[in-house]
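> Supplied structure: query_6.txt, compact mmCIF, C-alpha atoms.
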```txt
# COMPACT_ATOMS: atom_id res chain seq x y z
CA MET A 1 106.31 219.60 -45.26
CA ALA A 2 102.69 218.64 -44.70
CA VAL A 3 100.34 219.03 -47.65
CA LYS A 4 96.83 220.23 -46.87
CA ALA A 5 93.99 218.34 -48.46
CA PRO A 6 91.96 220.48 -50.85
CA PRO A 7 88.63 221.70 -49.39
CA ALA A 8 85.58 219.62 -50.18
CA PRO A 9 83.67 221.06 -53.14
CA VAL A 10 80.53 223.02 -52.34
CA TYR A 11 77.38 221.10 -53.28
CA GLN A 12 75.65 222.30 -56.45
CA TRP A 13 71.86 222.17 -56.75
CA THR A 14 71.74 222.52 -60.54
CA GLY A 15 70.06 219.50 -62.12
CA CYS A 16 66.76 217.66 -62.43
CA TYR A 17 65.20 215.19 -60.03
CA ILE A 18 62.32 212.81 -59.42
CA GLY A 19 60.97 211.69 -56.06
CA LEU A 20 58.22 210.54 -53.72
CA ASN A 21 56.43 212.34 -50.90
CA ILE A 22 53.88 211.73 -48.16
CA GLY A 23 52.08 214.18 -45.92
CA GLU A 24 49.04 215.18 -43.92
CA GLY A 25 46.48 217.65 -45.24
CA THR A 26 43.45 219.50 -43.93
CA SER A 27 40.69 220.66 -46.28
CA GLY A 28 38.21 223.28 -45.16
CA SER A 29 34.99 224.45 -46.82
CA ASN A 30 32.52 227.25 -46.24
CA PHE A 31 29.09 225.97 -47.22
CA GLY A 32 26.20 228.17 -48.35
CA SER A 33 22.58 227.62 -49.34
CA ALA A 34 19.77 229.54 -51.03
CA VAL A 35 16.14 228.64 -51.74
CA GLU A 36 13.94 230.48 -54.20
CA ALA A 37 10.28 231.12 -53.42
CA GLY A 38 8.09 228.46 -55.03
CA THR A 39 4.96 226.40 -54.69
CA TYR A 40 6.12 223.96 -51.97
CA LEU A 41 7.97 225.98 -49.33
CA THR A 42 6.08 229.24 -48.84
CA GLY A 43 5.96 232.18 -46.44
CA GLY A 44 9.22 232.49 -44.51
CA ASP A 45 10.23 228.84 -44.97
CA PRO A 46 12.58 229.36 -47.99
CA ALA A 47 14.65 231.89 -46.01
CA THR A 48 14.66 229.64 -42.93
CA VAL A 49 15.89 226.66 -44.96
CA ALA A 50 18.51 228.74 -46.79
CA GLY A 51 19.84 230.21 -43.55
CA SER A 52 20.26 226.76 -42.08
CA GLY A 53 22.51 225.63 -44.92
CA GLY A 54 25.48 227.81 -44.05
CA GLY A 55 28.52 226.73 -42.06
CA SER A 56 32.17 225.71 -42.14
CA LYS A 57 33.79 222.30 -41.70
CA ASN A 58 37.29 220.79 -41.90
CA ALA A 59 38.48 217.27 -42.66
CA ASP A 60 41.91 215.61 -42.64
CA GLY A 61 43.51 213.20 -45.08
CA VAL A 62 46.82 211.56 -45.99
CA LEU A 63 48.62 212.59 -49.19
CA PRO A 64 50.93 210.03 -50.84
CA GLY A 65 52.39 211.06 -54.19
CA GLY A 66 55.38 212.05 -56.24
CA GLN A 67 57.17 215.02 -57.76
CA VAL A 68 59.54 215.95 -60.58
CA GLY A 69 61.51 219.14 -61.10
CA CYS A 70 64.67 220.96 -62.10
CA ASN A 71 66.94 223.50 -60.36
CA TYR A 72 69.49 226.01 -61.57
CA GLN A 73 72.02 227.53 -59.16
CA THR A 74 73.89 230.79 -59.63
CA GLY A 75 75.95 231.85 -56.65
CA THR A 76 73.84 231.08 -53.60
CA LEU A 77 70.54 231.61 -55.43
CA VAL A 78 68.67 228.50 -56.59
CA PHE A 79 65.82 228.79 -59.10
CA GLY A 80 63.59 225.82 -59.78
CA LEU A 81 60.34 224.50 -61.20
CA GLU A 82 58.50 221.58 -59.63
CA GLY A 83 55.36 219.64 -60.45
CA ASP A 84 53.70 217.13 -58.13
CA ILE A 85 50.56 215.07 -57.77
CA ASP A 86 49.19 213.43 -54.61
CA TYR A 87 46.21 211.25 -53.88
CA PHE A 88 44.04 213.20 -51.42
CA ARG A 89 40.69 211.85 -50.28
CA SER A 90 39.09 214.36 -47.90
CA ASN A 91 35.42 214.95 -47.14
CA PRO A 92 34.28 218.00 -45.13
CA VAL A 93 30.62 217.43 -44.15
CA PHE A 94 28.18 220.00 -42.77
CA ASN A 95 24.82 218.86 -41.33
CA ASN A 96 21.99 220.82 -39.71
CA ASN A 97 19.12 218.75 -38.32
CA THR A 98 17.58 221.03 -35.72
CA ASN A 99 15.46 223.69 -37.42
CA THR A 100 11.71 223.71 -37.94
CA LEU A 101 9.34 224.90 -40.63
CA ALA A 102 6.51 227.32 -39.95
CA ASN A 103 4.09 224.40 -39.43
CA GLY A 104 6.29 222.93 -36.66
CA ASN A 105 7.69 220.03 -38.69
CA THR A 106 11.48 219.63 -38.86
CA PHE A 107 13.81 219.76 -41.82
CA ALA A 108 17.45 218.83 -42.40
CA ILE A 109 20.11 220.29 -44.68
CA GLY A 110 23.26 218.29 -45.39
CA GLN A 111 26.25 219.32 -47.48
CA SER A 112 29.51 217.61 -48.33
CA LEU A 113 32.53 218.17 -50.58
CA THR A 114 34.91 215.35 -51.49
CA THR A 115 38.39 215.87 -52.97
CA ASN A 116 40.08 213.22 -55.08
CA TYR A 117 43.65 214.46 -55.62
CA LEU A 118 45.88 217.53 -55.31
CA ALA A 119 48.44 218.57 -57.93
CA THR A 120 50.61 221.68 -58.24
CA ILE A 121 53.02 223.33 -60.67
CA ARG A 122 55.29 225.78 -58.81
CA PRO A 123 58.37 227.90 -59.45
CA ARG A 124 60.78 227.82 -56.48
CA ILE A 125 63.43 230.29 -55.38
CA GLY A 126 65.82 229.61 -52.54
CA ILE A 127 69.17 230.11 -50.90
CA GLY A 128 71.65 227.27 -51.15
CA ALA A 129 74.15 226.87 -48.32
CA ASP A 130 76.25 223.91 -49.46
CA ARG A 131 73.96 220.89 -48.92
CA ASN A 132 71.09 222.90 -47.39
CA LEU A 133 68.42 224.67 -49.44
CA ALA A 134 65.74 226.91 -47.95
CA TYR A 135 63.09 228.03 -50.45
CA VAL A 136 59.76 229.72 -51.01
CA THR A 137 57.36 228.57 -53.71
CA GLY A 138 54.04 229.41 -55.32
CA GLY A 139 52.04 228.66 -58.43
CA ALA A 140 48.95 226.85 -59.70
CA ALA A 141 47.02 224.09 -57.93
CA PHE A 142 44.64 221.51 -59.40
CA THR A 143 42.03 219.19 -57.89
CA SER A 144 38.72 217.49 -58.64
CA ILE A 145 35.74 217.58 -56.30
CA SER A 146 32.27 216.16 -55.83
CA TYR A 147 29.79 218.45 -54.04
CA THR A 148 26.31 217.52 -52.78
CA GLU A 149 23.58 219.37 -50.89
CA THR A 150 20.45 217.54 -49.67
CA TYR A 151 17.14 218.64 -48.14
CA SER A 152 14.53 216.53 -46.33
CA ASP A 153 11.61 217.28 -44.02
CA THR A 154 8.99 215.54 -41.87
CA ASN A 155 5.94 216.92 -43.62
CA THR A 156 3.20 214.44 -44.54
CA PRO A 157 3.89 213.56 -47.30
CA PRO A 158 7.53 214.65 -46.96
CA GLY A 159 9.48 216.91 -49.26
CA ALA A 160 12.98 216.16 -50.48
CA GLY A 161 15.57 217.55 -52.83
CA SER A 162 19.22 217.81 -53.74
CA ALA A 163 21.79 219.79 -55.71
CA SER A 164 25.13 218.40 -56.81
CA ALA A 165 28.17 219.12 -58.97
CA SER A 166 31.38 217.30 -59.92
CA ARG A 167 34.19 219.20 -61.59
CA SER A 168 37.90 219.87 -61.87
CA LEU A 169 39.19 223.06 -60.27
CA VAL A 170 42.22 225.29 -60.84
CA GLY A 171 43.42 227.44 -57.97
CA TRP A 172 46.54 228.91 -56.40
CA THR A 173 49.17 227.61 -54.00
CA ALA A 174 52.04 229.06 -51.95
CA GLY A 175 54.43 227.78 -49.32
CA ALA A 176 57.98 227.24 -48.13
CA GLY A 177 60.34 224.38 -47.47
CA TRP A 178 63.80 223.03 -46.68
CA GLU A 179 65.81 220.45 -48.60
CA TYR A 180 69.02 218.66 -47.61
CA ALA A 181 71.40 216.69 -49.84
CA PHE A 182 72.52 213.73 -47.73
CA ALA A 183 74.37 212.20 -50.71
CA ASP A 184 75.54 213.48 -54.09
CA HIS A 185 72.38 212.26 -55.85
CA TRP A 186 69.86 212.01 -52.99
CA THR A 187 68.01 214.72 -51.08
CA VAL A 188 65.26 214.85 -48.46
CA LYS A 189 62.82 217.70 -48.00
CA ALA A 190 60.03 219.03 -45.79
CA GLU A 191 57.54 221.66 -46.89
CA TYR A 192 54.32 223.46 -46.06
CA LEU A 193 51.79 224.43 -48.72
CA ILE A 194 48.42 226.16 -48.73
CA ALA A 195 46.10 225.91 -51.76
CA GLY A 196 42.87 227.78 -52.44
CA PHE A 197 40.17 227.00 -55.00
CA PRO A 198 37.15 228.91 -56.38
CA THR A 199 33.63 228.36 -55.10
CA THR A 200 31.65 225.47 -56.57
CA ASN A 201 27.93 226.15 -57.18
CA ALA A 202 25.14 223.65 -57.72
CA ASN A 203 21.41 223.91 -58.50
CA GLY A 204 18.59 221.46 -57.88
CA LEU A 205 14.96 221.17 -56.81
CA ILE A 206 13.08 220.60 -53.58
CA THR A 207 9.89 218.75 -54.53
CA GLY A 208 6.69 218.19 -52.57
CA PRO A 209 3.29 216.61 -53.20
CA GLY A 210 1.28 217.43 -56.31
CA GLY A 211 4.28 218.61 -58.33
CA THR A 212 5.08 221.54 -56.04
CA SER A 213 8.71 222.65 -55.91
CA ASN A 214 11.33 225.24 -54.97
CA THR A 215 14.73 225.80 -56.55
CA LEU A 216 17.63 224.83 -54.27
CA HIS A 217 21.07 226.42 -54.63
CA GLY A 218 24.23 225.22 -52.87
CA SER A 219 27.81 226.45 -52.77
CA ALA A 220 31.14 225.42 -51.24
CA ASP A 221 34.68 226.79 -51.44
CA LEU A 222 37.85 224.84 -50.68
CA LEU A 223 41.11 225.62 -48.87
CA ILE A 224 43.76 222.93 -48.36
CA GLN A 225 46.76 223.12 -46.01
CA LEU A 226 49.39 220.41 -45.92
CA ILE A 227 52.71 219.45 -44.41
CA ARG A 228 54.73 216.78 -46.17
CA ALA A 229 58.14 215.15 -46.44
CA GLY A 230 59.82 213.74 -49.50
CA VAL A 231 62.91 212.16 -50.99
CA ASN A 232 64.42 212.99 -54.39
CA LEU A 233 66.84 211.30 -56.76
CA LYS A 234 68.93 213.99 -58.52
CA PHE A 235 70.22 213.32 -62.01
```
Is it possible to express this structure as structure tokens?

Amino acid sequence: MAVKAPPAPVYQWTGCYIGLNIGEGTSGSNFGSAVEAGTYLTGGDPATVAGSGGGSKNADGVLPGGQVGCNYQTGTLVFGLEGDIDYFRSNPVFNNNTNTLANGNTFAIGQSLTTNYLATIRPRIGIGADRNLAYVTGGAAFTSISYTETYSDTNTPPGAGSASASRSLVGWTAGAGWEYAFADHWTVKAEYLIAGFPTTNANGLITGPGGTSNTLHGSADLLIQLIRAGVNLKF
């Protein structure tokens, strides 16, 4: 009488893991500008300059990094918590060099925002089907940025100014992914995340001859979208 081999055990996702990831990200910023009335730019020039400092730009960057997390499986439901950090150098730049002041001379507004890294802490919830895991995720996102706005004109003598800020930001993130256990202690994954961060504001001065000046305000928000793949070692 033939004896049937016992069925292969269903894979269990419970456990902790550490891994590496790499992906492609796009950061987008909406830039804004404001100029207060002062002793250098007068008449309608402050409004003209401010209106020329608004726009949106995107920039791409590569994200190499790592992650660590833990899962707990009950039935087909898998609950987890994951933290990750990736190097992310991205630099959306907005320039406007075409407008003119009331006297016919030209001016230029330039704005840029540079990211340095992206990190997240996210609960995950998914459905485990043996060695496949499909999940949704969301939580907190962290980054640091450097923001700069510059003004220059062709007056004689010329006026110039800038506003800048560097700070760490805390925002939100959400996404979804798929993970596959190709061996008992090794998995691969692919996921999409979107992360949003609050607006960064900066203040500075536009200065002209004889100590004349106007206050310059700049602002930029930040939205990051990324697709990445990773590999994990499960303990």
> Choose the residue, out of A:Ile109, A:Asn103, A:Val62, A:Val231, that has the smallest atom-to-atom separation from Phe182 (chain A); count only C-alpha atoms.
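Under the stated criterion, the closest residue is A:Val231.
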> I'd like the neighbourhood of Ala119 (chain A) as a list in words, where a residue qualifies if any of its atoms comes within 12 Å (using only C-alpha atoms), though same-chain residues fewer than 5 positions away should be ignored.
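My list of contacting residues is Leu63, Pro64, Gly65, Gly66, Gln67, Val68, Glu82, Gly83, Asp84, Ile85, Asp86, Tyr87, Phe88, Gly139, Ala140, Ala141, Phe142, Thr143, Ser144, Ser168, Leu169, Val170, Gly171, Trp172, Thr173, Leu193, Ile194, Ala195 and Ile224 of chain A.
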> Just want the 7 Å neighbourhood of Cys16 (chain A), counted on all atoms listed in the file, with same-chain residues fewer than 5 positions away dropped. Output as a PDB file with C-alpha atoms, keeping the file's coordinate frame.

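Saved as part-v1.pdb:
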```pdb
ATOM      1  CA  GLY A  69      61.510 219.140 -61.100  1.00  0.00           C
ATOM      2  CA  CYS A  70      64.670 220.960 -62.100  1.00  0.00           C
ATOM      3  CA  ASN A  71      66.940 223.500 -60.360  1.00  0.00           C
ATOM      4  CA  LYS A 234      68.930 213.990 -58.520  1.00  0.00           C
ATOM      5  CA  PHE A 235      70.220 213.320 -62.010  1.00  0.00           C
TER       6      PHE A 235
END
```
> Identify, on the basis of all atoms listed in the file, every residue whose closest approach to region 32-34 of chain A does not exceed 8 Å; exclude the query and any residue fewer than 5 positions from it along the same chain; express the result as a list in words.
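Using all atoms listed in the file, the neighbours found are Pro46, Ala47, Val49, Ala50, Gly51, Ser52, Gly53, Gly54, Gly55, Leu216, His217, Gly218, Ser219 and Ala220 of chain A.
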> Set the distance at 7 Å and use all atoms listed in the file: which residues neighbour Leu77 (chain A) once local chain neighbours fewer than 6 positions away are removed? I'd like the list as a list in words.
Gly126, Ile127 and Gly128 of chain A
> To one decimal in Å, tell me the separation between CA of Ala163 (chain A) and CA of Leu118 (chain A).
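It comes out at 24.2 Å.
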> Using all atoms listed in the file, which protein or nucleic acid residues come within 7 Å of Leu226 (chain A)? Drop anything in the same chain fewer than 6 positions from it, and give the result as a list in words.
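So, after excluding close chain neighbours, the residues are Gly23, Glu24, Gly25, Thr26, Tyr192, Leu193 and Ile194 of chain A.
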> For CA of Lys189 (chain A) and CA of Gly61 (chain A), determine how far apart the two atoms are, in Å to one decimal place.
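Result for CA of Lys189 (chain A) versus CA of Gly61 (chain A): 20.0 Å, one decimal.
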> Could you tell me how far CA of Pro158 (chain A) sits from CA of Asn203 (chain A), in Å to one decimal place?
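If I compute the distance from CA of Asn203 (chain A) to CA of Pro158 (chain A), I get 20.3 Å.
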> So, with all atoms listed in the file as the atoms that count, which of A:Thr48, A:Asn155, A:Thr120, A:Ser90 lies closest to Thr207 (chain A)?
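Distance minimum relative to Thr207 (chain A) lands on A:Asn155.
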> Using all atoms listed in the file, what residues lie at most 12 Å away from (23.6, 219.7, -37.4) (file coordinates), given as a ChimeraX atom specification?
/A:52-57,93-99,107-111
> Restricting the calculation to all atoms listed in the file, which member of A:Asn132, A:Thr200, A:Asn232, A:Thr137 is positioned closest to Thr114 (chain A)?
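Distance minimum relative to Thr114 (chain A) lands on A:Thr200.
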> For Thr39 (chain A), which residue among A:Phe197, A:Gly159, A:Ser164, A:Ala176 is the nearest when counting only C-alpha atoms?
A:Gly159
> Have a look at A:Ser166, A:Asn91, A:Ser112, A:Ser29 and name the one nearest to Gly196 (chain A); count only C-alpha atoms.
A:Ser29
> May I ask which of the residues A:Ala202, A:Val188, A:Thr76, A:Gly211 is the closest one to Asn21 (chain A), counting only C-alpha atoms?
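So, comparing all the options, the nearest one is A:Val188.
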